[in-house]
$ cat input-v8.tsv   # TSV, C-alpha atoms
chain	number	residue	atom	x	y	z
A	4	MET	CA	167.72	33.89	18.85
A	5	ALA	CA	167.27	35.87	15.61
A	6	ARG	CA	167.94	32.64	13.77
A	7	GLN	CA	165.31	30.88	15.82
A	8	THR	CA	162.71	33.59	15.07
A	9	ARG	CA	163.52	33.34	11.38
A	10	GLN	CA	162.98	29.60	11.53
A	11	ARG	CA	159.71	29.98	13.45
A	12	ILE	CA	158.42	32.45	10.85
A	13	LEU	CA	159.20	30.01	8.03
A	14	ASP	CA	157.56	27.07	9.84
A	15	ALA	CA	154.41	29.03	10.72
A	16	SER	CA	154.16	30.46	7.20
A	17	LEU	CA	154.40	27.02	5.64
A	18	ALA	CA	151.70	25.64	7.95
A	19	MET	CA	149.37	28.61	7.34
A	20	PHE	CA	149.93	28.66	3.56
A	21	ASN	CA	149.21	24.93	3.39
A	22	THR	CA	146.00	25.01	5.40
A	23	GLN	CA	144.53	28.37	4.30
A	24	GLY	CA	145.96	28.86	0.83
A	25	GLU	CA	148.79	31.32	0.18
A	26	PRO	CA	146.50	34.07	-1.26
A	27	ASN	CA	144.57	34.15	2.03
A	28	VAL	CA	147.57	34.64	4.35
A	29	THR	CA	149.24	38.04	4.82
A	30	THR	CA	152.46	38.86	6.70
A	31	ASN	CA	150.25	40.43	9.37
A	32	HIS	CA	148.43	37.13	9.86
A	33	ILE	CA	151.77	35.38	10.24
A	34	ALA	CA	153.05	37.92	12.78
A	35	ASP	CA	149.75	37.62	14.71
A	36	GLU	CA	150.01	33.85	14.78
A	37	LEU	CA	153.54	34.03	16.23
A	38	GLU	CA	152.66	36.92	18.55
A	39	ILE	CA	155.49	39.04	17.19
A	40	SER	CA	155.29	42.56	15.75
A	41	PRO	CA	155.09	43.09	11.96
A	42	GLY	CA	158.31	45.10	12.34
A	43	ASN	CA	160.07	42.05	13.80
A	44	LEU	CA	158.87	39.95	10.86
A	45	TYR	CA	160.13	42.57	8.40
A	46	TYR	CA	163.51	42.50	10.13
A	47	HIS	CA	163.85	38.89	8.89
A	48	PHE	CA	162.00	38.99	5.56
A	49	ARG	CA	161.44	41.78	3.03
A	50	ASN	CA	157.88	40.65	2.21
A	51	LYS	CA	155.69	37.60	1.72
A	52	ASP	CA	157.37	36.66	-1.56
A	53	ASP	CA	160.71	36.61	0.29
A	54	ILE	CA	159.26	34.03	2.72
A	55	ILE	CA	157.91	32.01	-0.21
A	56	GLU	CA	161.32	32.04	-1.87
A	57	GLN	CA	162.99	30.64	1.27
A	58	LEU	CA	160.34	27.91	1.55
A	59	PHE	CA	160.82	27.17	-2.12
A	60	ALA	CA	164.54	26.59	-1.54
A	61	ARG	CA	163.70	23.92	1.07
A	62	PHE	CA	161.17	22.35	-1.28
A	63	GLU	CA	163.71	22.33	-4.10
A	64	GLU	CA	166.19	20.35	-1.96
A	65	ARG	CA	163.50	17.80	-1.11
A	66	MET	CA	162.56	17.35	-4.76
A	67	ASP	CA	166.17	17.09	-5.92
A	68	ALA	CA	166.74	14.32	-3.36
A	69	ALA	CA	163.49	12.56	-4.33
A	70	LEU	CA	164.41	12.64	-8.02
A	71	ALA	CA	167.89	11.11	-7.60
A	72	ALA	CA	168.24	7.89	-9.62
A	73	PRO	CA	169.40	4.64	-7.97
A	74	GLU	CA	173.14	4.35	-8.55
A	75	GLY	CA	174.89	1.79	-10.69
A	76	ARG	CA	171.81	-0.07	-11.99
A	77	LEU	CA	168.63	0.40	-14.02
A	78	PRO	CA	165.56	1.28	-11.92
A	79	GLY	CA	162.76	-1.31	-11.77
A	80	LEU	CA	159.03	-0.99	-11.07
A	81	GLU	CA	159.63	-1.13	-7.28
A	82	ASP	CA	162.01	1.84	-7.50
A	83	ILE	CA	159.27	3.81	-9.23
A	84	TRP	CA	156.81	3.22	-6.36
A	85	LEU	CA	159.42	4.39	-3.87
A	86	GLN	CA	160.35	7.45	-5.90
A	87	LEU	CA	156.69	8.38	-6.37
A	88	HIS	CA	156.18	8.21	-2.61
A	89	LEU	CA	159.07	10.59	-2.01
A	90	VAL	CA	157.82	12.98	-4.69
A	91	PHE	CA	154.19	12.96	-3.48
A	92	GLU	CA	155.33	13.49	0.13
A	93	ALA	CA	157.41	16.51	-0.91
A	94	ILE	CA	154.43	17.89	-2.86
A	95	TRP	CA	152.16	17.28	0.14
A	96	ASP	CA	154.53	19.07	2.54
A	97	TYR	CA	154.68	22.11	0.22
A	98	ARG	CA	151.20	21.80	-1.25
A	99	PHE	CA	150.51	25.56	-1.07
A	100	LEU	CA	152.92	25.95	-4.02
A	101	TYR	CA	150.82	23.58	-6.12
A	102	ARG	CA	147.43	24.89	-5.05
A	103	ASP	CA	148.12	28.34	-6.52
A	104	LEU	CA	151.02	27.43	-8.78
A	105	VAL	CA	150.39	29.69	-11.78
A	106	GLU	CA	149.59	32.72	-9.61
A	107	ILE	CA	152.67	32.25	-7.36
A	108	LEU	CA	155.01	31.71	-10.32
A	109	SER	CA	153.54	34.70	-12.19
A	110	ARG	CA	154.80	37.01	-9.44
A	111	ASN	CA	158.41	35.84	-9.37
A	112	ARG	CA	160.62	35.20	-12.38
A	113	ARG	CA	163.31	33.40	-10.34
A	114	LEU	CA	160.81	30.89	-8.94
A	115	ARG	CA	159.41	30.43	-12.43
A	116	LEU	CA	162.82	29.41	-13.77
A	117	ARG	CA	163.55	27.20	-10.78
A	118	PHE	CA	160.21	25.41	-10.97
A	119	ALA	CA	160.65	24.85	-14.72
A	120	ARG	CA	164.06	23.32	-13.92
A	121	ILE	CA	162.47	20.88	-11.44
A	122	LEU	CA	159.88	19.88	-14.06
A	123	LYS	CA	162.63	19.40	-16.64
A	124	ARG	CA	164.60	17.21	-14.24
A	125	ALA	CA	161.52	15.14	-13.34
A	126	ASP	CA	160.71	14.73	-17.05
A	127	ASP	CA	164.25	13.50	-17.77
A	128	GLN	CA	164.07	11.12	-14.82
A	129	ALA	CA	160.65	9.68	-15.82
A	130	HIS	CA	161.95	9.31	-19.35
A	131	ALA	CA	165.13	7.52	-18.20
A	132	VAL	CA	163.19	5.09	-16.01
A	133	MET	CA	160.84	4.17	-18.85
A	134	ARG	CA	163.68	3.83	-21.34
A	135	GLY	CA	165.29	1.45	-18.86
A	136	LEU	CA	162.10	-0.62	-18.62
A	137	SER	CA	161.87	-0.69	-22.44
A	138	GLN	CA	165.48	-1.84	-22.79
A	139	ALA	CA	164.86	-4.56	-20.21
A	140	GLY	CA	161.90	-5.70	-22.34
A	141	VAL	CA	159.42	-5.08	-19.50
A	142	MET	CA	157.72	-2.26	-21.39
A	143	ARG	CA	156.81	-1.84	-25.06
A	144	ALA	CA	156.38	1.75	-26.28
A	145	SER	CA	157.20	3.91	-29.29
A	146	SER	CA	159.51	6.86	-28.62
A	147	ASP	CA	156.54	9.26	-29.04
A	148	GLU	CA	154.60	7.22	-26.50
A	149	LEU	CA	157.54	7.30	-24.07
A	150	ALA	CA	157.84	11.08	-24.35
A	151	ALA	CA	154.07	11.64	-24.02
A	152	THR	CA	153.84	9.30	-21.04
A	153	ALA	CA	156.78	10.91	-19.21
A	154	THR	CA	154.98	14.25	-19.55
A	155	ASN	CA	151.65	12.78	-18.44
A	156	VAL	CA	153.38	11.33	-15.36
A	157	LEU	CA	154.45	14.87	-14.49
A	158	VAL	CA	151.06	16.48	-15.09
A	159	ILE	CA	149.31	13.90	-12.91
A	160	ALA	CA	151.89	14.19	-10.12
A	161	THR	CA	151.90	18.00	-10.25
A	162	PHE	CA	148.13	18.52	-10.22
A	163	TRP	CA	146.70	15.43	-8.54
A	164	LEU	CA	146.03	17.16	-5.20
A	165	ASN	CA	144.25	20.02	-6.98
A	166	TYR	CA	142.17	17.55	-8.92
A	167	ALA	CA	141.24	15.61	-5.78
A	168	SER	CA	140.22	18.89	-4.14
A	169	ALA	CA	138.15	20.06	-7.15
A	170	ARG	CA	136.39	16.69	-7.27
A	171	GLY	CA	135.56	17.01	-3.57
A	172	ASP	CA	137.76	14.27	-2.06
A	173	LYS	CA	137.73	14.67	1.70
A	174	ASP	CA	140.57	12.46	2.97
A	175	GLU	CA	143.81	14.03	1.78
A	176	HIS	CA	146.07	11.15	2.80
A	177	GLU	CA	143.91	8.77	0.81
A	178	ALA	CA	144.16	11.26	-2.05
A	179	ILE	CA	147.94	10.84	-2.08
A	180	ARG	CA	147.69	7.06	-2.33
A	181	ALA	CA	145.15	7.43	-5.13
A	182	GLY	CA	147.52	9.83	-6.93
A	183	ILE	CA	150.40	7.36	-6.80
A	184	VAL	CA	148.11	4.67	-8.24
A	185	GLN	CA	146.99	7.02	-11.04
A	186	VAL	CA	150.62	7.55	-12.05
A	187	MET	CA	151.44	3.82	-11.92
A	188	MET	CA	148.37	3.08	-14.04
A	189	LEU	CA	149.82	5.33	-16.77
A	190	LEU	CA	152.51	2.67	-17.18
A	191	ALA	CA	150.28	-0.44	-16.88
A	192	PRO	CA	149.17	-0.79	-20.54
A	193	PHE	CA	152.79	-0.64	-21.76
A	194	LEU	CA	153.88	-3.58	-19.59
A	195	ARG	CA	154.26	-7.23	-20.52
A	196	ASP	CA	151.18	-9.24	-19.53
A	197	ALA	CA	152.75	-10.71	-16.36
A	198	GLU	CA	153.94	-7.34	-15.03
A	199	ARG	CA	150.70	-5.67	-16.10
A	200	LEU	CA	148.58	-8.15	-14.17
A	201	HIS	CA	150.90	-7.83	-11.16
A	202	LEU	CA	150.58	-4.03	-11.23
A	203	ASN	CA	146.78	-4.24	-11.43
A	204	THR	CA	146.76	-6.52	-8.37
A	205	LEU	CA	149.21	-4.35	-6.44
A	206	THR	CA	147.31	-1.12	-7.06
A	207	ARG	CA	143.99	-2.69	-6.05
A	208	ALA	CA	145.53	-3.92	-2.77
A	209	TYR	CA	147.12	-0.51	-2.26
A	210	ILE	CA	143.87	1.45	-2.47
A	211	GLU	CA	141.64	-0.90	-0.43
B	18	MET	CA	120.50	49.53	-22.07
B	19	ALA	CA	120.86	48.08	-18.55
B	20	ARG	CA	120.96	44.68	-20.16
B	21	GLN	CA	123.68	45.85	-22.51
B	22	THR	CA	125.78	47.22	-19.63
B	23	ARG	CA	125.41	43.96	-17.76
B	24	GLN	CA	126.62	42.09	-20.83
B	25	ARG	CA	129.56	44.46	-21.30
B	26	ILE	CA	130.60	43.97	-17.68
B	27	LEU	CA	130.57	40.18	-18.09
B	28	ASP	CA	132.56	40.32	-21.35
B	29	ALA	CA	135.17	42.72	-19.98
B	30	SER	CA	135.50	40.71	-16.76
B	31	LEU	CA	136.07	37.48	-18.67
B	32	ALA	CA	138.73	39.09	-20.86
B	33	MET	CA	140.51	40.68	-17.88
B	34	PHE	CA	140.33	37.55	-15.71
B	35	ASN	CA	141.74	35.47	-18.56
B	36	THR	CA	144.66	37.75	-19.34
B	37	GLN	CA	145.59	39.01	-15.85
B	38	GLY	CA	144.44	36.18	-13.58
B	39	GLU	CA	141.29	36.49	-11.48
B	40	PRO	CA	143.14	37.28	-8.21
B	41	ASN	CA	144.70	40.36	-9.85
B	42	VAL	CA	141.44	41.95	-11.09
B	43	THR	CA	139.13	43.91	-8.78
B	44	THR	CA	135.65	45.28	-9.50
B	45	ASN	CA	137.25	48.75	-9.57
B	46	HIS	CA	139.59	47.64	-12.36
B	47	ILE	CA	136.61	46.35	-14.31
B	48	ALA	CA	134.63	49.58	-13.85
B	49	ASP	CA	137.73	51.61	-14.90
B	50	GLU	CA	138.18	49.49	-18.01
B	51	LEU	CA	134.54	50.12	-19.05
B	52	GLU	CA	134.64	53.76	-17.96
B	53	ILE	CA	131.60	53.31	-15.73
B	54	SER	CA	131.30	54.16	-12.03
B	55	PRO	CA	131.76	51.42	-9.38
B	56	GLY	CA	128.18	52.25	-8.31
B	57	ASN	CA	126.91	51.41	-11.77
B	58	LEU	CA	128.77	48.07	-11.67
B	59	TYR	CA	127.28	47.29	-8.24
B	60	TYR	CA	123.82	48.02	-9.63
B	61	HIS	CA	124.28	44.96	-11.86
B	62	PHE	CA	126.41	42.65	-9.67
B	63	ARG	CA	126.69	42.26	-5.90
B	64	ASN	CA	130.45	41.64	-5.99
B	65	LYS	CA	133.21	39.95	-7.96
B	66	ASP	CA	132.06	36.45	-6.99
B	67	ASP	CA	128.61	37.29	-8.42
B	68	ILE	CA	130.28	38.11	-11.77
B	69	ILE	CA	132.27	34.86	-11.59
B	70	GLU	CA	129.10	32.89	-10.94
B	71	GLN	CA	127.41	34.35	-14.05
B	72	LEU	CA	130.48	33.56	-16.16
B	73	PHE	CA	130.52	30.07	-14.68
B	74	ALA	CA	126.93	29.53	-15.86
B	75	ARG	CA	128.00	30.32	-19.43
B	76	PHE	CA	130.99	28.01	-19.11
B	77	GLU	CA	128.79	25.23	-17.74
B	78	GLU	CA	126.52	25.41	-20.83
B	79	ARG	CA	129.55	25.19	-23.11
B	80	MET	CA	130.90	22.15	-21.28
B	81	ASP	CA	127.55	20.40	-21.17
B	82	ALA	CA	127.26	20.83	-24.96
B	83	ALA	CA	130.87	19.67	-25.50
B	84	LEU	CA	130.30	16.55	-23.40
B	85	ALA	CA	127.15	15.39	-25.22
B	86	ALA	CA	127.60	11.91	-26.71
B	87	PRO	CA	126.92	11.25	-30.42
B	88	GLU	CA	123.38	9.91	-30.70
B	89	GLY	CA	122.36	6.42	-31.70
B	90	ARG	CA	125.83	4.90	-32.13
B	91	LEU	CA	129.05	4.11	-30.27
B	92	PRO	CA	131.68	6.87	-30.48
B	93	GLY	CA	134.89	6.07	-32.39
B	94	LEU	CA	138.41	7.49	-32.15
B	95	GLU	CA	137.49	10.38	-34.51
B	96	ASP	CA	134.63	11.41	-32.22
B	97	ILE	CA	137.09	11.60	-29.36
B	98	TRP	CA	139.32	14.08	-31.23
B	99	LEU	CA	136.32	16.27	-31.99
B	100	GLN	CA	135.03	16.13	-28.44
B	101	LEU	CA	138.47	16.95	-27.04
B	102	HIS	CA	138.65	20.00	-29.30
B	103	LEU	CA	135.32	21.28	-28.01
B	104	VAL	CA	136.35	20.67	-24.39
B	105	PHE	CA	139.78	22.30	-24.75
B	106	GLU	CA	138.22	25.31	-26.53
B	107	ALA	CA	135.73	25.76	-23.69
B	108	ILE	CA	138.56	25.51	-21.15
B	109	TRP	CA	140.60	28.03	-23.15
B	110	ASP	CA	137.73	30.54	-23.32
B	111	TYR	CA	137.24	30.30	-19.53
B	112	ARG	CA	140.84	29.60	-18.61
B	113	PHE	CA	140.77	31.96	-15.60
B	114	LEU	CA	138.65	29.34	-13.81
B	115	TYR	CA	141.35	26.72	-14.31
B	116	ARG	CA	144.32	28.95	-13.55
B	117	ASP	CA	143.14	29.54	-9.96
B	118	LEU	CA	140.69	26.66	-9.67
B	119	VAL	CA	141.17	25.61	-6.04
B	120	GLU	CA	141.18	29.20	-4.77
B	121	ILE	CA	138.04	30.18	-6.75
B	122	LEU	CA	136.14	27.04	-5.69
B	123	SER	CA	137.21	27.48	-2.05
B	124	ARG	CA	135.27	30.76	-1.90
B	125	ASN	CA	131.96	29.48	-3.23
B	126	ARG	CA	130.21	26.27	-2.24
B	127	ARG	CA	127.72	26.43	-5.13
B	128	LEU	CA	130.49	26.62	-7.73
B	129	ARG	CA	132.29	23.80	-5.94
B	130	LEU	CA	129.27	21.52	-6.33
B	131	ARG	CA	128.68	22.58	-9.92
B	132	PHE	CA	132.29	22.05	-10.92
B	133	ALA	CA	132.33	18.62	-9.25
B	134	ARG	CA	129.21	17.77	-11.28
B	135	ILE	CA	130.98	18.73	-14.54
B	136	LEU	CA	133.95	16.53	-13.58
B	137	LYS	CA	131.60	13.66	-12.77
B	138	ARG	CA	129.85	14.02	-16.10
B	139	ALA	CA	133.18	14.18	-17.99
B	140	ASP	CA	134.40	11.10	-16.11
B	141	ASP	CA	131.24	9.18	-17.04
B	142	GLN	CA	131.57	10.27	-20.65
B	143	ALA	CA	135.27	9.30	-20.91
B	144	HIS	CA	134.41	5.98	-19.28
B	145	ALA	CA	131.53	5.33	-21.70
B	146	VAL	CA	133.66	6.12	-24.75
B	147	MET	CA	136.41	3.73	-23.63
B	148	ARG	CA	133.94	1.00	-22.75
B	149	GLY	CA	132.56	1.39	-26.28
B	150	LEU	CA	136.05	1.02	-27.76
B	151	SER	CA	136.65	-2.06	-25.60
B	152	GLN	CA	133.37	-3.66	-26.68
B	153	ALA	CA	134.24	-2.96	-30.32
B	154	GLY	CA	137.53	-4.78	-29.72
B	155	VAL	CA	139.58	-1.68	-30.61
B	156	MET	CA	140.89	-1.32	-27.05
B	157	ARG	CA	142.07	-3.90	-24.51
B	158	ALA	CA	141.93	-2.81	-20.86
B	159	SER	CA	141.02	-4.19	-17.44
B	160	SER	CA	138.16	-2.45	-15.67
B	161	ASP	CA	140.64	-0.90	-13.19
B	162	GLU	CA	142.68	0.40	-16.12
B	163	LEU	CA	139.56	1.86	-17.75
B	164	ALA	CA	138.59	3.68	-14.56
B	165	ALA	CA	142.12	4.97	-13.91
B	166	THR	CA	142.51	6.12	-17.52
B	167	ALA	CA	139.15	7.96	-17.56
B	168	THR	CA	140.32	9.87	-14.48
B	169	ASN	CA	143.75	10.56	-16.00
B	170	VAL	CA	142.03	11.93	-19.12
B	171	LEU	CA	140.24	14.40	-16.86
B	172	VAL	CA	143.31	15.44	-14.88
B	173	ILE	CA	145.31	16.11	-18.06
B	174	ALA	CA	142.46	18.04	-19.71
B	175	THR	CA	141.74	20.05	-16.54
B	176	PHE	CA	145.32	21.08	-15.77
B	177	TRP	CA	147.14	20.98	-19.10
B	178	LEU	CA	147.15	24.77	-19.58
B	179	ASN	CA	148.53	25.26	-16.05
B	180	TYR	CA	151.21	22.69	-16.73
B	181	ALA	CA	152.18	24.33	-20.03
B	182	SER	CA	152.40	27.66	-18.22
B	183	ALA	CA	154.51	26.27	-15.34
B	184	ARG	CA	156.86	24.61	-17.82
B	185	GLY	CA	157.27	27.93	-19.63
B	186	ASP	CA	155.47	27.23	-22.94
B	187	LYS	CA	155.08	30.51	-24.81
B	188	ASP	CA	152.57	29.78	-27.60
B	189	GLU	CA	149.22	29.09	-25.94
B	190	HIS	CA	147.45	27.88	-29.07
B	191	GLU	CA	150.20	25.36	-29.65
B	192	ALA	CA	149.78	24.38	-26.01
B	193	ILE	CA	146.15	23.42	-26.69
B	194	ARG	CA	147.13	21.16	-29.58
B	195	ALA	CA	149.81	19.57	-27.41
B	196	GLY	CA	147.21	19.01	-24.66
B	197	ILE	CA	144.85	17.19	-27.01
B	198	VAL	CA	147.74	14.97	-28.13
B	199	GLN	CA	148.66	14.22	-24.50
B	200	VAL	CA	145.11	13.01	-23.84
B	201	MET	CA	145.00	10.88	-27.01
B	202	MET	CA	148.33	9.32	-26.08
B	203	LEU	CA	146.76	8.09	-22.83
B	204	LEU	CA	144.67	5.79	-25.01
B	205	ALA	CA	147.40	4.71	-27.47
B	206	PRO	CA	148.90	1.77	-25.52
B	207	PHE	CA	145.45	0.19	-25.06
B	208	LEU	CA	144.73	0.10	-28.80
B	209	ARG	CA	145.13	-2.76	-31.25
B	210	ASP	CA	148.42	-2.51	-33.16
B	211	ALA	CA	146.86	-1.05	-36.33
B	212	GLU	CA	144.93	1.68	-34.50
B	213	ARG	CA	147.89	2.34	-32.22
B	214	LEU	CA	150.25	2.93	-35.13
B	215	HIS	CA	147.62	5.10	-36.83
B	216	LEU	CA	147.22	7.22	-33.69
B	217	ASN	CA	151.01	7.65	-33.39
B	218	THR	CA	151.15	8.86	-37.00
B	219	LEU	CA	148.15	11.19	-36.60
B	220	THR	CA	149.49	12.84	-33.45
B	221	ARG	CA	152.91	13.39	-34.99
B	222	ALA	CA	151.32	15.07	-38.03
B	223	TYR	CA	149.09	17.10	-35.72
B	224	ILE	CA	151.94	18.61	-33.70
B	225	GLU	CA	154.34	19.37	-36.55
$ encode --input "input-v8.tsv" --output "structure tokens"
Amino acid sequence: MARQTRQRILDASLAMFNTQGEPNVTTNHIADELEISPGNLYYHFRNKDDIIEQLFARFEERMDAALAAPEGRLPGLEDIWLQLHLVFEAIWDYRFLYRDLVEILSRNRRLRLRFARILKRADDQAHAVMRGLSQAGVMRASSDELAATATNVLVIATFWLNYASARGDKDEHEAIRAGIVQVMMLLAPFLRDAERLHLNTLTRAYIE
Amino acid sequence: MARQTRQRILDASLAMFNTQGEPNVTTNHIADELEISPGNLYYHFRNKDDIIEQLFARFEERMDAALAAPEGRLPGLEDIWLQLHLVFEAIWDYRFLYRDLVEILSRNRRLRLRFARILKRADDQAHAVMRGLSQAGVMRASSDELAATATNVLVIATFWLNYASARGDKDEHEAIRAGIVQVMMLLAPFLRDAERLHLNTLTRAYIE
């Protein structure tokens, strides 16, 4: 029963943070929403940052799974699409973290270190995938270009939803598809002509 | 005298927002910092969002100037460096807007429209520059690639400082140089071999 209440608090907090923005949700709002007393909420969590830390742990598991490399072979362009879908879905499910990223991380040193670790892992993974494509001769890039592009992949993935919101995009699910295309298009100009043309065709079909 | 106080309030607010983050600064903090009464502050500004709107107007002027195209000729790669410097310096001087962008825009419909207009103008300008490079034969890109790259230029420029902060970069002035390089490297793979090599060399010299 206590365990169930704890779970309900986490689920409601995640939903409210995602729709209203974390800065606009207090522990009192969460208790109100669940029709429990603030005292009951504080029995399970020390404060709002404690709730955020528990949600972050769930998010971290999702991202670690999404960033796992295919085993025993080099990843191809199709693997990248799949991996991007998993990453963007994880970001979407925990989008409150990304909406107010700098502010949330500024309040909690542990989260700051853990988020930096996720970025580091994603950077390594993007780098490895592109090195694989270069070795297979599918991609042509200098090592500086590979490093810069891996980082640009991360910046676009991390902040795409914020950008779509600032630009005034209304349909958020469409925004996710557009974000995946933006990341794939970072790779397009490095590809051999055949693969480059194929990617242009695929992305056009994907958006329409 | 009243005019001078008004100006002092704006300057102090900008400095405090930039260093502490806008969500962590109240009008009382600003009045304390200036050693004036809250009543005196409210004589000049209705509330914190009123201060933000005045600062936004200054920022908007800076960005509009930074995004002006060179007159009477097509821009070249050197113009892009210069323009990126002006844009990144404007973003740096008003970085509080970018740190908590979605939250700040969510509170004010006017700012939302005005920020979307700046993005639109920057997108058009990035697009025009790249079309110019394509027509001059310096760049080779499909029209989908041009559009996607113009947008990626904007996302990187808009969120680079947040990314550098989330990744744990310490030196913020170095972060700006790195951001300019990240944007230039978006263009590298589209360039003719000679210009591409030249850009790789320039960016390496620029970072070291």
$ closest_residue --input "input-v8.tsv" --among "A:Val158, A:Ala72, A:Leu13, A:Ile179" --to "chain B" --atoms "all atoms listed in the file"
A:Val158
$ closest_residue --input "input-v8.tsv" --among "A:Gln138, A:Asn43, A:Asn27, A:Gln57" --to "chain B" --atoms "all atoms listed in the file"
A:Asn27
$ interface_residues --input "input-v8.tsv" --of "chain A" --to "chain B" --cutoff "9 Å" --atoms "all atoms listed in the file" --output "PyMOL selection string"
chain A and resi 24+26+102-106+108+115-116+118-120+122-123+143-145+147-148+151-152+154-155+157-159+161-163+165-166+168-171+184-186+188-189+191-193+203+207
$ atom_distance --input "input-v8.tsv" --atom1 "atom CA of Thr30 of chain A" --atom2 "atom CA of Ile12 of chain A"
9.7 Å
$ residues_around --input "input-v8.tsv" --residues "Ala68 of chain A" --least-positions-apart "6" --cutoff "12 Å" --atoms "only C-alpha atoms" --output "ChimeraX atom specification"
/A:61-62,86,89-90,92-93,121,124-125
$ residues_around --input "input-v8.tsv" --residues "Glu95 of chain B" --least-positions-apart "2" --cutoff "12 Å" --atoms "all atoms listed in the file" --output "tab-separated table (two decimals) with C-alpha atoms, in the coordinates of the input"
chain	number	residue	atom	x	y	z
B	87	PRO	CA	126.92	11.25	-30.42
B	91	LEU	CA	129.05	4.11	-30.27
B	92	PRO	CA	131.68	6.87	-30.48
B	93	GLY	CA	134.89	6.07	-32.39
B	97	ILE	CA	137.09	11.60	-29.36
B	98	TRP	CA	139.32	14.08	-31.23
B	99	LEU	CA	136.32	16.27	-31.99
B	100	GLN	CA	135.03	16.13	-28.44
B	101	LEU	CA	138.47	16.95	-27.04
B	102	HIS	CA	138.65	20.00	-29.30
B	146	VAL	CA	133.66	6.12	-24.75
B	150	LEU	CA	136.05	1.02	-27.76
B	201	MET	CA	145.00	10.88	-27.01
B	212	GLU	CA	144.93	1.68	-34.50
B	215	HIS	CA	147.62	5.10	-36.83
B	216	LEU	CA	147.22	7.22	-33.69
B	219	LEU	CA	148.15	11.19	-36.60
$ atom_distance --input "input-v8.tsv" --atom1 "atom CA of Asp67 of chain B" --atom2 "atom CA of Arg79 of chain B"
19.1 Å
$ closest_residue --input "input-v8.tsv" --among "B:Leu31, B:Gln142, B:Arg124, B:Arg20" --to "Ala83 of chain B" --atoms "only C-alpha atoms"
B:Gln142
